[in-house]
$ cat model-v8.pdb   # PDB, C-alpha atoms and all ligand atoms
ATOM      1  CA  MET A  48      30.936-145.969 -17.673
ATOM      2  CA  SER A  49      27.263-145.200 -17.260
ATOM      3  CA  ILE A  50      25.420-146.722 -14.338
ATOM      4  CA  GLN A  51      21.699-147.402 -14.508
ATOM      5  CA  ARG A  52      19.153-148.610 -12.002
ATOM      6  CA  LEU A  53      17.592-151.667 -13.619
ATOM      7  CA  PHE A  54      15.066-154.411 -13.043
ATOM      8  CA  PHE A  55      13.472-157.265 -14.970
ATOM      9  CA  ALA A  56       9.688-157.211 -14.866
ATOM     10  CA  LEU A  57       6.419-158.206 -16.461
ATOM     11  CA  GLU A  58       4.490-155.392 -18.055
ATOM     12  CA  LEU A  59       0.729-155.208 -17.679
ATOM     13  CA  PRO A  60      -1.457-154.587 -20.720
ATOM     14  CA  ALA A  61      -2.571-150.933 -20.784
ATOM     15  CA  PRO A  62      -6.306-151.787 -20.438
ATOM     16  CA  LEU A  63      -5.527-153.849 -17.341
ATOM     17  CA  GLN A  64      -3.493-150.980 -15.884
ATOM     18  CA  GLN A  65      -6.539-148.759 -16.334
ATOM     19  CA  GLN A  66      -8.875-151.311 -14.753
ATOM     20  CA  LEU A  67      -6.598-151.662 -11.747
ATOM     21  CA  VAL A  68      -6.361-147.910 -11.281
ATOM     22  CA  GLN A  69     -10.148-147.647 -11.327
ATOM     23  CA  TRP A  70     -10.529-150.523  -8.876
ATOM     24  CA  ARG A  71      -7.899-148.969  -6.619
ATOM     25  CA  ALA A  72      -9.706-145.620  -6.647
ATOM     26  CA  ASP A  73     -12.967-147.379  -5.751
ATOM     27  CA  HIS A  74     -11.544-149.493  -2.939
ATOM     28  CA  PHE A  75      -8.845-147.540  -1.157
ATOM     29  CA  ALA A  76      -9.123-144.386   0.870
ATOM     30  CA  GLU A  77      -7.140-141.462  -0.502
ATOM     31  CA  GLU A  78      -5.036-141.274   2.641
ATOM     32  CA  ALA A  79      -4.090-144.984   2.396
ATOM     33  CA  GLY A  80      -0.948-144.230   0.393
ATOM     34  CA  LYS A  81       0.537-142.734  -2.740
ATOM     35  CA  PRO A  82      -0.889-144.386  -5.867
ATOM     36  CA  VAL A  83       1.585-145.750  -8.397
ATOM     37  CA  ALA A  84       0.897-144.199 -11.824
ATOM     38  CA  ALA A  85      -1.034-146.485 -14.197
ATOM     39  CA  ALA A  86       1.839-146.731 -16.678
ATOM     40  CA  ASN A  87       4.205-147.723 -13.864
ATOM     41  CA  LEU A  88       2.195-150.738 -12.681
ATOM     42  CA  HIS A  89       4.352-153.841 -13.240
ATOM     43  CA  LEU A  90       5.456-157.075 -11.615
ATOM     44  CA  THR A  91       9.153-157.214 -10.796
ATOM     45  CA  LEU A  92      10.964-160.476 -11.517
ATOM     46  CA  ALA A  93      14.453-159.458 -10.423
ATOM     47  CA  PHE A  94      15.750-156.166  -9.093
ATOM     48  CA  LEU A  95      19.308-155.481 -10.256
ATOM     49  CA  GLY A  96      20.061-152.185  -8.526
ATOM     50  CA  ASP A  97      22.645-149.805  -9.961
ATOM     51  CA  VAL A  98      24.577-151.664 -12.634
ATOM     52  CA  SER A  99      27.257-150.847 -15.188
ATOM     53  CA  ALA A 100      26.625-150.916 -18.926
ATOM     54  CA  GLU A 101      28.824-154.005 -19.125
ATOM     55  CA  THR A 102      26.840-155.961 -16.535
ATOM     56  CA  SER A 103      23.620-154.831 -18.162
ATOM     57  CA  GLN A 104      24.853-156.183 -21.514
ATOM     58  CA  GLN A 105      25.857-159.507 -19.979
ATOM     59  CA  LEU A 106      22.509-159.933 -18.240
ATOM     60  CA  GLN A 107      20.645-159.022 -21.424
ATOM     61  CA  GLN A 108      22.647-161.656 -23.319
ATOM     62  CA  LEU A 109      21.630-164.279 -20.773
ATOM     63  CA  ALA A 110      18.003-163.113 -20.803
ATOM     64  CA  SER A 111      17.880-163.462 -24.572
ATOM     65  CA  ARG A 112      18.819-167.140 -24.255
ATOM     66  CA  ILE A 113      15.978-168.014 -21.900
ATOM     67  CA  VAL A 114      13.608-170.471 -23.521
ATOM     68  CA  GLN A 115      10.438-170.779 -21.541
ATOM     69  CA  PRO A 116       6.751-170.863 -22.422
ATOM     70  CA  GLY A 117       4.365-168.109 -21.417
ATOM     71  CA  PHE A 118       1.845-168.524 -18.609
ATOM     72  CA  SER A 119      -1.382-167.044 -17.287
ATOM     73  CA  LEU A 120      -1.370-164.842 -14.269
ATOM     74  CA  ASP A 121      -4.356-164.717 -11.928
ATOM     75  CA  LEU A 122      -4.397-161.535  -9.903
ATOM     76  CA  ASP A 123      -6.644-162.489  -7.021
ATOM     77  CA  ASP A 124      -4.754-161.549  -3.866
ATOM     78  CA  ALA A 125      -3.857-158.295  -2.147
ATOM     79  CA  GLY A 126      -1.858-157.395   0.894
ATOM     80  CA  HIS A 127      -0.142-154.682   2.879
ATOM     81  CA  TRP A 128       3.487-154.593   3.974
ATOM     82  CA  PRO A 129       3.589-151.762   6.508
ATOM     83  CA  ARG A 130       7.394-151.688   6.832
ATOM     84  CA  PRO A 131       8.168-150.748   3.210
ATOM     85  CA  GLY A 132       4.737-149.109   3.106
ATOM     86  CA  VAL A 133       3.519-151.121   0.141
ATOM     87  CA  VAL A 134      -0.011-152.189  -0.759
ATOM     88  CA  TRP A 135       0.160-154.860  -3.415
ATOM     89  CA  LEU A 136      -1.790-157.055  -5.757
ATOM     90  CA  GLY A 137      -0.647-160.621  -6.327
ATOM     91  CA  CYS A 138      -1.684-164.214  -6.869
ATOM     92  CA  GLN A 139      -2.965-166.711  -4.339
ATOM     93  CA  ARG A 140      -1.095-169.351  -6.346
ATOM     94  CA  ALA A 141       1.835-168.084  -8.372
ATOM     95  CA  PRO A 142       2.217-170.026 -11.638
ATOM     96  CA  ARG A 143       5.247-172.271 -11.880
ATOM     97  CA  GLY A 144       6.430-170.467 -15.019
ATOM     98  CA  LEU A 145       6.541-167.163 -13.165
ATOM     99  CA  LEU A 146       8.543-168.629 -10.295
ATOM    100  CA  GLN A 147      10.961-170.361 -12.687
ATOM    101  CA  LEU A 148      11.559-167.214 -14.711
ATOM    102  CA  ALA A 149      12.120-165.050 -11.642
ATOM    103  CA  SER A 150      14.360-167.629 -10.048
ATOM    104  CA  LEU A 151      16.545-167.876 -13.162
ATOM    105  CA  LEU A 152      16.837-164.093 -13.584
ATOM    106  CA  ARG A 153      17.604-163.635  -9.903
ATOM    107  CA  ALA A 154      20.296-166.321  -9.987
ATOM    108  CA  GLN A 155      21.905-164.786 -13.071
ATOM    109  CA  ALA A 156      21.772-161.349 -11.440
ATOM    110  CA  ALA A 157      23.372-162.664  -8.250
ATOM    111  CA  ARG A 158      26.180-164.310 -10.246
ATOM    112  CA  HIS A 159      26.895-160.932 -11.831
ATOM    113  CA  GLY A 160      27.182-159.132  -8.530
ATOM    114  CA  CYS A 161      23.624-157.810  -8.180
ATOM    115  CA  ALA A 162      22.769-158.574  -4.565
ATOM    116  CA  GLN A 163      19.411-160.288  -4.263
ATOM    117  CA  SER A 164      17.088-159.961  -1.309
ATOM    118  CA  ALA A 165      17.354-162.815   1.168
ATOM    119  CA  GLN A 166      13.578-162.764   1.458
ATOM    120  CA  PRO A 167      11.683-165.295  -0.640
ATOM    121  CA  PHE A 168      10.376-163.973  -3.945
ATOM    122  CA  HIS A 169       6.806-162.798  -3.497
ATOM    123  CA  PRO A 170       5.445-161.776  -6.899
ATOM    124  CA  HIS A 171       3.460-158.567  -6.583
ATOM    125  CA  ILE A 172       2.327-155.418  -8.298
ATOM    126  CA  THR A 173       2.775-152.402  -6.060
ATOM    127  CA  LEU A 174      -0.420-150.344  -6.038
ATOM    128  CA  LEU A 175       0.326-147.836  -3.264
ATOM    129  CA  ARG A 176       3.529-146.583  -1.676
ATOM    130  CA  HIS A 177       4.080-144.749   1.638
ATOM    131  CA  ALA A 178       1.291-146.867   3.092
ATOM    132  CA  THR A 179       2.677-147.094   6.589
ATOM    133  CA  GLN A 180      -0.573-146.802   8.553
ATOM    134  CA  LYS A 181      -3.199-149.514   8.819
ATOM    135  CA  VAL A 182      -4.939-150.039   5.472
ATOM    136  CA  ALA A 183      -8.375-151.569   4.917
ATOM    137  CA  LEU A 184      -7.983-154.106   2.119
ATOM    138  CA  PRO A 185     -10.817-154.863  -0.308
ATOM    139  CA  PRO A 186     -12.657-158.114   0.384
ATOM    140  CA  ARG A 187     -11.448-161.152  -1.551
ATOM    141  CA  GLY A 188     -13.329-162.016  -4.710
ATOM    142  CA  PHE A 189     -11.596-159.697  -7.150
ATOM    143  CA  HIS A 190      -9.855-161.443 -10.015
ATOM    144  CA  TRP A 191      -8.041-160.413 -13.179
ATOM    145  CA  ARG A 192      -6.356-162.890 -15.480
ATOM    146  CA  TYR A 193      -3.933-162.134 -18.253
ATOM    147  CA  ASP A 194      -1.600-164.091 -20.467
ATOM    148  CA  VAL A 195       2.054-163.286 -20.093
ATOM    149  CA  SER A 196       3.878-163.634 -23.395
ATOM    150  CA  ASP A 197       7.063-161.673 -22.737
ATOM    151  CA  PHE A 198       9.271-160.128 -20.080
ATOM    152  CA  ALA A 199      11.390-157.009 -20.179
ATOM    153  CA  LEU A 200      14.282-155.061 -18.726
ATOM    154  CA  PHE A 201      13.507-151.578 -17.398
ATOM    155  CA  SER A 202      15.513-148.654 -16.185
ATOM    156  CA  SER A 203      14.238-146.536 -13.352
ATOM    157  CA  THR A 204      14.958-142.841 -12.922
ATOM    158  CA  PHE A 205      13.712-140.395 -10.368
ATOM    159  CA  SER A 206      13.528-136.717 -11.141
ATOM    160  CA  GLN A 207      11.287-133.814 -10.276
ATOM    161  CA  GLY A 208       9.483-135.973  -7.763
ATOM    162  CA  ARG A 209       8.516-138.598 -10.324
ATOM    163  CA  THR A 210       9.655-142.132 -10.947
ATOM    164  CA  ARG A 211       9.935-143.030 -14.605
ATOM    165  CA  TYR A 212      10.424-146.521 -15.993
ATOM    166  CA  ARG A 213      11.746-147.042 -19.465
ATOM    167  CA  ARG A 214      11.748-150.384 -21.246
ATOM    168  CA  LEU A 215      15.205-151.161 -22.620
ATOM    169  CA  ALA A 216      14.594-154.618 -24.083
ATOM    170  CA  ARG A 217      11.910-157.256 -24.286
ATOM    171  CA  TRP A 218      12.018-161.024 -24.842
ATOM    172  CA  PRO A 219       9.202-163.366 -25.873
ATOM    173  CA  LEU A 220       7.822-166.264 -23.856
ATOM    174  CA  PRO A 221       6.216-168.249 -26.666
ATOM    175  CA  SER A 222       2.816-169.876 -26.267
TER     176      SER A 222
HETATM  177  P1  LIG B 301       8.413-152.754  -4.932
HETATM  178  O1  LIG B 301       7.373-152.311  -5.917
HETATM  179  O2  LIG B 301       7.937-153.817  -3.999
HETATM  180  O3  LIG B 301       9.038-151.588  -4.219
HETATM  181  C1  LIG B 301      11.608-150.923  -9.236
HETATM  182  O4  LIG B 301      12.046-150.256  -8.114
HETATM  183  C2  LIG B 301      11.024-152.261  -8.889
HETATM  184  O5  LIG B 301      12.022-153.084  -8.271
HETATM  185  C3  LIG B 301       9.865-152.206  -7.912
HETATM  186  O6  LIG B 301       8.870-153.085  -8.370
HETATM  187  C4  LIG B 301      10.438-152.675  -6.605
HETATM  188  O7  LIG B 301       9.560-153.434  -5.822
HETATM  189  C5  LIG B 301      11.523-153.610  -7.067
HETATM  190  N1  LIG B 301      12.546-153.774  -6.045
HETATM  191  C6  LIG B 301      12.934-154.936  -5.482
HETATM  192  N2  LIG B 301      13.921-154.753  -4.620
HETATM  193  C7  LIG B 301      14.170-153.430  -4.593
HETATM  194  C8  LIG B 301      15.091-152.614  -3.883
HETATM  195  N3  LIG B 301      15.984-153.126  -3.019
HETATM  196  N4  LIG B 301      15.044-151.288  -4.111
HETATM  197  C9  LIG B 301      14.162-150.749  -4.984
HETATM  198  N5  LIG B 301      13.290-151.478  -5.691
HETATM  199  C10 LIG B 301      13.288-152.809  -5.498
END
$ encode --input "model-v8.pdb" --output "structure tokens" --more "lines below"
Ligand code: 2AM
Amino acid sequence: MSIQRLFFALELPAPLQQQLVQWRADHFAEEAGKPVAAANLHLTLAFLGDVSAETSQQLQQLASRIVQPGFSLDLDDAGHWPRPGVVWLGCQRAPRGLLQLASLLRAQAARHGCAQSAQPFHPHITLLRHATQKVALPPRGFHWRYDVSDFALFSSTFSQGRTRYRRLARWPLPS
């Protein structure tokens, strides 16, 4: 049976990915960390780890039954976690819809044997990796807003030094 590394996430619109990449280039020193490729910028809802095709099917079934309205996301916060070496973009106040969706997906994942982090869910978009030294963060005042109208399941593969994400399925969050 084939095993895939999977996660549920929110995609970012391509123009927003480009804006964030530009802002990142303007505000972070080159040595701050390794930039995540524009197309790979996303917000993880639930990380599943390495799962079988059967578990993937079961979790996709459950995801397809989720009935929840969309929500707006305000990206107005940034931070640095030196231990995993992550510089991130997030929200000062996460919308309730985002927390509900992540909580449901994480609970379903846990029930199907996908161990979930004991740490509280902190919604974020990873901008830089390998950022283990002190990083100067841009001053507050930046703000992007976008309407989230779907969520998706992605696979992650690593080859030839590159991480590639592929969308396997997508489900609407109606307005
Ligand atoms: P990160 O960006 O903070 O590293 C794909 O790896 C996505 O799943 C990333 O957004 C990653 O978050 C997230 N993720 C959550 N837990 C993970 C784990 N234990 N290992 C790898 N990725 C994890």
$ residues_around --input "model-v8.pdb" --residues "A:Gly132" --least-positions-apart "3" --cutoff "6 Å" --atoms "all atoms listed in the file" --output "ChimeraX atom specification"
/A:128-129,176-179
$ closest_residue --input "model-v8.pdb" --among "A:Ser222, A:Thr91, A:Thr173, A:Gln107" --to "A:Val68" --atoms "only C-alpha atoms"
A:Thr173
$ closest_residue --input "model-v8.pdb" --among "A:Phe55, A:Phe189, A:Tyr212, A:Trp218" --to "A:Leu90" --atoms "all atoms listed in the file"
A:Phe55
$ closest_residue --input "model-v8.pdb" --among "A:Ala110, A:Leu215, A:Val98, A:Leu59" --to "A:Cys161" --atoms "only C-alpha atoms"
A:Val98
$ residues_near_ligand --input "model-v8.pdb" --ligand "ligand LIG 301 (chain B)" --cutoff "10 Å" --atoms "all atoms listed in the file" --output "number ranges by chain"
A: 52-57, 83, 87-97, 128, 131-135, 162-164, 168-176, 201-204, 210-212
$ resolve_selection --input "model-v8.pdb" --expression "the PyMOL selection byres (((chain A and resi 184) around 8) and not hetatm)" --output "count of residues only"
9
$ closest_residue --input "model-v8.pdb" --among "A:Lys181, A:Gly188, A:Pro221, A:Ser111" --to "A:Gln139" --atoms "all atoms listed in the file"
A:Gly188
$ atom_distance --input "model-v8.pdb" --atom1 "atom CA of A:Ser119" --atom2 "atom CA of A:Gln155"
23.8 Å
$ closest_residue --input "model-v8.pdb" --among "A:Gln51, A:Gly160, A:Arg130, A:Arg217" --to "A:Phe205" --atoms "only C-alpha atoms"
A:Gln51
$ closest_residue --input "model-v8.pdb" --among "A:Ile50, A:Val114, A:Cys138, A:Leu148" --to "A:Ser99" --atoms "all atoms listed in the file"
A:Ile50
$ atom_distance --input "model-v8.pdb" --atom1 "atom CA of A:Trp191" --atom2 "atom CA of A:Asp123"
6.6 Å
$ axis_aligned_box --input "model-v8.pdb" --around "stretch 150-159 of chain A" --padding-each-side "4 Å" --output "JSON"
{"center_x": 20.6, "center_y": -164.4, "center_z": -10.9, "size_x": 20.5, "size_y": 14.9, "size_z": 13.3}
$ atom_distance --input "model-v8.pdb" --atom1 "atom CA of A:Ala61" --atom2 "atom CA of A:Arg214"
14.3 Å
$ build_atoms --input "model-v8.pdb" --residues "stretch 189-214 of chain A" --atoms "N, CA, C and O atoms" --output "PDB file, in the frame of the given file"
ATOM      1  N   PHE A 189     -12.042-160.370  -5.928  1.00  0.00           N
ATOM      2  CA  PHE A 189     -11.596-159.697  -7.150  1.00  0.00           C
ATOM      3  C   PHE A 189     -10.692-160.669  -7.916  1.00  0.00           C
ATOM      4  O   PHE A 189     -10.060-161.551  -7.324  1.00  0.00           O
ATOM      5  N   HIS A 190     -10.636-160.509  -9.200  1.00  0.00           N
ATOM      6  CA  HIS A 190      -9.855-161.443 -10.015  1.00  0.00           C
ATOM      7  C   HIS A 190      -9.625-160.869 -11.409  1.00  0.00           C
ATOM      8  O   HIS A 190     -10.574-160.521 -12.105  1.00  0.00           O
ATOM      9  N   TRP A 191      -8.384-160.747 -11.793  1.00  0.00           N
ATOM     10  CA  TRP A 191      -8.041-160.413 -13.179  1.00  0.00           C
ATOM     11  C   TRP A 191      -7.094-161.498 -13.664  1.00  0.00           C
ATOM     12  O   TRP A 191      -6.235-161.955 -12.909  1.00  0.00           O
ATOM     13  N   ARG A 192      -7.265-161.889 -14.909  1.00  0.00           N
ATOM     14  CA  ARG A 192      -6.356-162.890 -15.480  1.00  0.00           C
ATOM     15  C   ARG A 192      -5.772-162.307 -16.751  1.00  0.00           C
ATOM     16  O   ARG A 192      -6.493-161.671 -17.522  1.00  0.00           O
ATOM     17  N   TYR A 193      -4.487-162.488 -16.952  1.00  0.00           N
ATOM     18  CA  TYR A 193      -3.933-162.134 -18.253  1.00  0.00           C
ATOM     19  C   TYR A 193      -2.795-163.070 -18.632  1.00  0.00           C
ATOM     20  O   TYR A 193      -2.175-163.694 -17.764  1.00  0.00           O
ATOM     21  N   ASP A 194      -2.615-163.183 -19.944  1.00  0.00           N
ATOM     22  CA  ASP A 194      -1.600-164.091 -20.467  1.00  0.00           C
ATOM     23  C   ASP A 194      -0.286-163.343 -20.622  1.00  0.00           C
ATOM     24  O   ASP A 194      -0.231-162.297 -21.272  1.00  0.00           O
ATOM     25  N   VAL A 195       0.732-163.909 -20.028  1.00  0.00           N
ATOM     26  CA  VAL A 195       2.054-163.286 -20.093  1.00  0.00           C
ATOM     27  C   VAL A 195       2.817-163.916 -21.258  1.00  0.00           C
ATOM     28  O   VAL A 195       3.014-165.125 -21.286  1.00  0.00           O
ATOM     29  N   SER A 196       3.204-163.088 -22.214  1.00  0.00           N
ATOM     30  CA  SER A 196       3.878-163.634 -23.395  1.00  0.00           C
ATOM     31  C   SER A 196       5.262-163.016 -23.601  1.00  0.00           C
ATOM     32  O   SER A 196       5.913-163.270 -24.616  1.00  0.00           O
ATOM     33  N   ASP A 197       5.693-162.198 -22.657  1.00  0.00           N
ATOM     34  CA  ASP A 197       7.063-161.673 -22.737  1.00  0.00           C
ATOM     35  C   ASP A 197       7.491-161.112 -21.380  1.00  0.00           C
ATOM     36  O   ASP A 197       6.678-160.988 -20.468  1.00  0.00           O
ATOM     37  N   PHE A 198       8.755-160.826 -21.270  1.00  0.00           N
ATOM     38  CA  PHE A 198       9.271-160.128 -20.080  1.00  0.00           C
ATOM     39  C   PHE A 198      10.263-159.088 -20.565  1.00  0.00           C
ATOM     40  O   PHE A 198      10.671-159.102 -21.735  1.00  0.00           O
ATOM     41  N   ALA A 199      10.609-158.155 -19.703  1.00  0.00           N
ATOM     42  CA  ALA A 199      11.390-157.009 -20.179  1.00  0.00           C
ATOM     43  C   ALA A 199      12.360-156.515 -19.116  1.00  0.00           C
ATOM     44  O   ALA A 199      12.231-156.824 -17.927  1.00  0.00           O
ATOM     45  N   LEU A 200      13.329-155.741 -19.614  1.00  0.00           N
ATOM     46  CA  LEU A 200      14.282-155.061 -18.726  1.00  0.00           C
ATOM     47  C   LEU A 200      13.929-153.576 -18.721  1.00  0.00           C
ATOM     48  O   LEU A 200      13.717-152.984 -19.784  1.00  0.00           O
ATOM     49  N   PHE A 201      13.866-152.986 -17.537  1.00  0.00           N
ATOM     50  CA  PHE A 201      13.507-151.578 -17.398  1.00  0.00           C
ATOM     51  C   PHE A 201      14.598-150.821 -16.671  1.00  0.00           C
ATOM     52  O   PHE A 201      15.267-151.370 -15.792  1.00  0.00           O
ATOM     53  N   SER A 202      14.694-149.543 -17.004  1.00  0.00           N
ATOM     54  CA  SER A 202      15.513-148.654 -16.185  1.00  0.00           C
ATOM     55  C   SER A 202      14.566-147.790 -15.374  1.00  0.00           C
ATOM     56  O   SER A 202      13.413-147.555 -15.779  1.00  0.00           O
ATOM     57  N   SER A 203      15.036-147.366 -14.242  1.00  0.00           N
ATOM     58  CA  SER A 203      14.238-146.536 -13.352  1.00  0.00           C
ATOM     59  C   SER A 203      14.998-145.245 -13.068  1.00  0.00           C
ATOM     60  O   SER A 203      16.172-145.287 -12.713  1.00  0.00           O
ATOM     61  N   THR A 204      14.329-144.119 -13.268  1.00  0.00           N
ATOM     62  CA  THR A 204      14.958-142.841 -12.922  1.00  0.00           C
ATOM     63  C   THR A 204      13.982-142.052 -12.064  1.00  0.00           C
ATOM     64  O   THR A 204      12.760-142.218 -12.172  1.00  0.00           O
ATOM     65  N   PHE A 205      14.543-141.231 -11.241  1.00  0.00           N
ATOM     66  CA  PHE A 205      13.712-140.395 -10.368  1.00  0.00           C
ATOM     67  C   PHE A 205      14.142-138.951 -10.561  1.00  0.00           C
ATOM     68  O   PHE A 205      15.307-138.615 -10.359  1.00  0.00           O
ATOM     69  N   SER A 206      13.203-138.133 -11.026  1.00  0.00           N
ATOM     70  CA  SER A 206      13.528-136.717 -11.141  1.00  0.00           C
ATOM     71  C   SER A 206      12.257-135.903 -11.028  1.00  0.00           C
ATOM     72  O   SER A 206      11.172-136.371 -11.434  1.00  0.00           O
ATOM     73  N   GLN A 207      12.412-134.734 -10.496  1.00  0.00           N
ATOM     74  CA  GLN A 207      11.287-133.814 -10.276  1.00  0.00           C
ATOM     75  C   GLN A 207      10.128-134.519  -9.574  1.00  0.00           C
ATOM     76  O   GLN A 207       8.964-134.361  -9.931  1.00  0.00           O
ATOM     77  N   GLY A 208      10.503-135.331  -8.583  1.00  0.00           N
ATOM     78  CA  GLY A 208       9.483-135.973  -7.763  1.00  0.00           C
ATOM     79  C   GLY A 208       8.749-137.115  -8.442  1.00  0.00           C
ATOM     80  O   GLY A 208       7.767-137.625  -7.900  1.00  0.00           O
ATOM     81  N   ARG A 209       9.222-137.523  -9.615  1.00  0.00           N
ATOM     82  CA  ARG A 209       8.516-138.598 -10.324  1.00  0.00           C
ATOM     83  C   ARG A 209       9.452-139.743 -10.675  1.00  0.00           C
ATOM     84  O   ARG A 209      10.592-139.520 -11.093  1.00  0.00           O
ATOM     85  N   THR A 210       8.914-140.954 -10.516  1.00  0.00           N
ATOM     86  CA  THR A 210       9.655-142.132 -10.947  1.00  0.00           C
ATOM     87  C   THR A 210       9.245-142.449 -12.373  1.00  0.00           C
ATOM     88  O   THR A 210       8.061-142.483 -12.681  1.00  0.00           O
ATOM     89  N   ARG A 211      10.240-142.657 -13.220  1.00  0.00           N
ATOM     90  CA  ARG A 211       9.935-143.030 -14.605  1.00  0.00           C
ATOM     91  C   ARG A 211      10.617-144.345 -14.919  1.00  0.00           C
ATOM     92  O   ARG A 211      11.802-144.517 -14.617  1.00  0.00           O
ATOM     93  N   TYR A 212       9.863-145.248 -15.549  1.00  0.00           N
ATOM     94  CA  TYR A 212      10.424-146.521 -15.993  1.00  0.00           C
ATOM     95  C   TYR A 212      10.497-146.492 -17.510  1.00  0.00           C
ATOM     96  O   TYR A 212       9.568-146.030 -18.169  1.00  0.00           O
ATOM     97  N   ARG A 213      11.602-146.987 -18.013  1.00  0.00           N
ATOM     98  CA  ARG A 213      11.746-147.042 -19.465  1.00  0.00           C
ATOM     99  C   ARG A 213      12.139-148.465 -19.855  1.00  0.00           C
ATOM    100  O   ARG A 213      13.066-149.046 -19.256  1.00  0.00           O
ATOM    101  N   ARG A 214      11.429-149.023 -20.815  1.00  0.00           N
ATOM    102  CA  ARG A 214      11.748-150.384 -21.246  1.00  0.00           C
ATOM    103  C   ARG A 214      12.957-150.352 -22.168  1.00  0.00           C
ATOM    104  O   ARG A 214      12.975-149.611 -23.147  1.00  0.00           O
TER     105      ARG A 214
END
